[in-house]
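Read through the structure below, which is laid out as structure tokens, and then see the notes.
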Amino acid sequence: MAKVTEITVWTRGVVMDKEARDIANAFAQAAKKEGKFVQAFDNYEDLPDRVLVTTRKYVRISDEEIEMKYLYTNNHPDVVVIVEPTIIKGINVLRGMPEGGLLVINTNRQIDYMLKFIPNADVLGAVATVDADGISGIRTVDFSGSEGGVDAAGLGAGIAAPILGAMAKVTGMVKKENLAKIISDVAAMDRGYNEVKLQRFRKPRAEYFWGG
Amino acid sequence: MAIKIPKDREVPFGAITPAPVRQQELFITSNWRIVRPVIDHEKCTRCLTCYTSCPDSCWSYNEKEDQMEWNWKFCKGCQICINECPADSLTAVPELDFEDGVIRLEKPF
């Protein structure tokens with residue numbers, strides 16, 4: 001079985017729930033357009049219906065068919081995306097991450113300042129930050145979208161678009177052009193793609209590309 | 001001799017709380033917070049509006065020091081106290097501005 005790349009998106013319940021779900025769905029759809037096998041799903045053991053509670057969304061990408069379909073959590077995430085930066089103070093977000101993984105944070109603060117709150121940062125291969133709040137200016141897009149009802153805003157509006165652009169550049173797993181076909185706010189995605197800041201810590205392993 | 005409870009008979013997390021206690025240490029929820037209420041003790045009139053309005057009883061009056069005390073472990077940053085304070089002594093400050101208050105739980109709950 002080929003390597004399955006696991007991506008975990010951490011977010012806050014209700015207020016930033018749709019944005020994180022869009023990140024998972026749009027990233028998986030863009031990878032699928034490139035012929036990859038993907039899985040994307042919402043939280044399973046978290047409490048997404050409570051405001052501000054930390055919840056997770058999951059993506060899996062592989063070159064071959066993914067066989068782990070009855071496992072609902074990413075136990076060894078290669079990429080961790082933090083939609084709301086305060087989460088790093090309250091949760092050990094790097095739990096289970098293999099050596100050389102990638103952390104993407106939506107923040108306008110310095111990378112060194114954020115690393116103060118991550119004592120186990122030595123497993124990281126790279127940290128990327130993108131100021132998605134500053135780029136899109138809107139944090140909560142649509143409450144109704146979180147309930148699986150009408151999704152008037154479309155996939156990837158608000159802070160999801162810049163974060164997706166940053167992920168596309170740093171992970172190199174999907175092309176920007178394929179993302180642009182899926183998400184609604186292409187201008188914000190371009191800005192996220194161009195404005196992402198990356199700090200590498202060590203030589204990444206052969207299967208990892210934390211470029212930029 | 002200690003009683004051995006089979007794994008499937010154990011009560012769920014948080015079902016039994018030792019009493020009497022003022023807080024349940026097993027159920028810390030401070031990682032829900034994005035902003036933190038910061039009190040200005042000069043402006044505060046000790047009217048206890050924050051104490052009565054807080055849904056999680058995170059404000060208490062310290063008689064010895066004659067000032068309000070904030071419980072960081074259970075404040076969820078709902079900002080009700082900030083809106084209710086008649087003396088405007090509370091302000092919302094982003095949680096990331098502070099280096100304390102780190103709990104880093106292994107799971108969301």
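Lettering and numbering for the structure tokens are positional, with chains as A, B, ... in the shown order, residues counted from 1 in each chain, and ligands counted from 1 in the shown order.
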
Per-residue nearest contacts chain B to chain A, cut-off 8 Å, using only C-alpha atoms, as a tab-separated table:
residue	atom	partner	partner_atom	distance
B:Ser30	CA	A:Gly90	CA	7.1
B:Asn31	CA	A:Gly90	CA	4.3
B:Trp32	CA	A:Val53	CA	5.2
B:Arg33	CA	A:Leu52	CA	7.2
B:Ile34	CA	A:Thr86	CA	6.0
B:Glu95	CA	A:Thr86	CA	6.7
B:Leu96	CA	A:Thr86	CA	6.0
B:Glu99	CA	A:Phe117	CA	7.8
B:Gly101	CA	A:Lys89	CA	7.6
B:Val102	CA	A:Lys89	CA	4.9
B:Ile103	CA	A:Gly90	CA	5.1
B:Arg104	CA	A:Ile91	CA	3.9
B:Leu105	CA	A:Ile91	CA	4.6
B:Glu106	CA	A:Asn92	CA	5.3
B:Lys107	CA	A:Ile91	CA	6.8
B:Pro108	CA	A:Thr54	CA	5.7
B:Phe109	CA	A:Asp46	CA	7.6

Written selection (N, CA and C atoms) as a compact mmCIF listing (two decimals), in the first residue's frame:
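Listed below is the output, part-v3.txt:
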# COMPACT_ATOMS: atom_id res chain seq x y z
N SER B 30 -10.66 25.60 29.42
CA SER B 30 -10.10 26.91 29.05
C SER B 30 -9.60 26.92 27.61
N ASN B 31 -9.53 25.76 26.94
CA ASN B 31 -9.08 25.80 25.54
C ASN B 31 -10.21 26.18 24.59
N TRP B 32 -11.37 26.53 25.11
CA TRP B 32 -12.43 27.06 24.25
C TRP B 32 -12.21 28.55 23.98
N ARG B 33 -11.30 29.16 24.72
CA ARG B 33 -11.24 30.63 24.79
C ARG B 33 -10.38 31.21 23.68
N ILE B 34 -10.89 32.24 23.00
CA ILE B 34 -10.08 33.00 22.05
C ILE B 34 -9.62 34.32 22.68
N GLU B 95 -6.18 35.84 23.69
CA GLU B 95 -5.53 34.88 24.58
C GLU B 95 -4.06 34.68 24.22
N LEU B 96 -3.72 34.82 22.95
CA LEU B 96 -2.34 34.58 22.53
C LEU B 96 -1.38 35.68 23.00
N GLU B 99 1.36 34.53 27.93
CA GLU B 99 2.14 33.29 27.85
C GLU B 99 1.68 32.28 28.88
N GLY B 101 -1.59 30.27 31.08
CA GLY B 101 -2.87 29.69 30.69
C GLY B 101 -2.75 28.61 29.63
N VAL B 102 -1.58 27.97 29.50
CA VAL B 102 -1.40 26.89 28.52
C VAL B 102 -1.79 25.57 29.18
N ILE B 103 -2.68 24.80 28.54
CA ILE B 103 -3.02 23.51 29.12
C ILE B 103 -2.67 22.35 28.18
N ARG B 104 -2.82 22.51 26.87
CA ARG B 104 -2.42 21.50 25.91
C ARG B 104 -2.97 20.11 26.21
N LEU B 105 -4.30 19.98 26.17
CA LEU B 105 -4.94 18.68 26.37
C LEU B 105 -4.62 17.77 25.19
N GLU B 106 -4.71 16.46 25.43
CA GLU B 106 -4.41 15.51 24.36
C GLU B 106 -5.57 15.36 23.39
N LYS B 107 -6.81 15.62 23.89
CA LYS B 107 -7.99 15.47 23.06
C LYS B 107 -8.89 16.67 23.30
N PRO B 108 -9.84 16.95 22.40
CA PRO B 108 -10.73 18.08 22.62
C PRO B 108 -11.50 17.96 23.94
N PHE B 109 -11.81 16.77 24.37
CA PHE B 109 -12.50 16.59 25.65
C PHE B 109 -11.79 15.56 26.48

Report task. From chain B, collect each residue whose DSSP state is alpha helix (DSSP H) and return the set as a PyMOL selection string. Result -> chain B and resi 49-53+80-84

Please save N, CA and C atoms of the selected residues as a PDB file, in the first residue's frame.
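So again36.pdb came out as:
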ATOM      1  N   THR B  49     -21.534  42.069  39.459  1.00  0.00           N
ATOM      2  CA  THR B  49     -22.327  41.761  38.261  1.00  0.00           C
ATOM      3  C   THR B  49     -21.659  40.660  37.445  1.00  0.00           C
ATOM      4  N   CYS B  50     -20.340  40.678  37.370  1.00  0.00           N
ATOM      5  CA  CYS B  50     -19.634  39.619  36.638  1.00  0.00           C
ATOM      6  C   CYS B  50     -19.860  38.276  37.319  1.00  0.00           C
ATOM      7  N   TYR B  51     -19.880  38.272  38.634  1.00  0.00           N
ATOM      8  CA  TYR B  51     -20.095  37.028  39.380  1.00  0.00           C
ATOM      9  C   TYR B  51     -21.476  36.447  39.090  1.00  0.00           C
ATOM     10  N   THR B  52     -22.486  37.303  39.046  1.00  0.00           N
ATOM     11  CA  THR B  52     -23.835  36.790  38.805  1.00  0.00           C
ATOM     12  C   THR B  52     -24.071  36.459  37.336  1.00  0.00           C
ATOM     13  N   SER B  53     -23.373  37.136  36.419  1.00  0.00           N
ATOM     14  CA  SER B  53     -23.666  36.916  35.002  1.00  0.00           C
ATOM     15  C   SER B  53     -22.833  35.789  34.403  1.00  0.00           C
ATOM     16  N   ILE B  80     -19.614  37.604  28.209  1.00  0.00           N
ATOM     17  CA  ILE B  80     -20.827  38.131  28.835  1.00  0.00           C
ATOM     18  C   ILE B  80     -20.455  39.121  29.939  1.00  0.00           C
ATOM     19  N   CYS B  81     -19.455  38.800  30.758  1.00  0.00           N
ATOM     20  CA  CYS B  81     -19.057  39.692  31.848  1.00  0.00           C
ATOM     21  C   CYS B  81     -18.604  41.042  31.305  1.00  0.00           C
ATOM     22  N   ILE B  82     -17.930  41.012  30.155  1.00  0.00           N
ATOM     23  CA  ILE B  82     -17.427  42.266  29.572  1.00  0.00           C
ATOM     24  C   ILE B  82     -18.604  43.143  29.143  1.00  0.00           C
ATOM     25  N   ASN B  83     -19.629  42.504  28.568  1.00  0.00           N
ATOM     26  CA  ASN B  83     -20.802  43.261  28.136  1.00  0.00           C
ATOM     27  C   ASN B  83     -21.630  43.746  29.313  1.00  0.00           C
ATOM     28  N   GLU B  84     -21.654  42.979  30.396  1.00  0.00           N
ATOM     29  CA  GLU B  84     -22.525  43.316  31.516  1.00  0.00           C
ATOM     30  C   GLU B  84     -21.886  44.304  32.486  1.00  0.00           C
TER      31      GLU B  84
END

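Between CA of Val186 in chain A and CA of Ala157 in chain A there is a distance of 8.9 Å.
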
**Report entry** Straight-line distance linking CA of Phe41 in chain A with CA of Ile66 in chain A, stated in Å to one decimal
**Finding:** 13.7 Å

**Report entry** Which of A:Thr171, A:Thr73, A:Asp63, A:Pro98 sits closest to Ala40 in chain A [using only C-alpha atoms]
**Finding:**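 Residue with the minimum atom-to-atom distance to Ala40 in chain A: A:Thr73.
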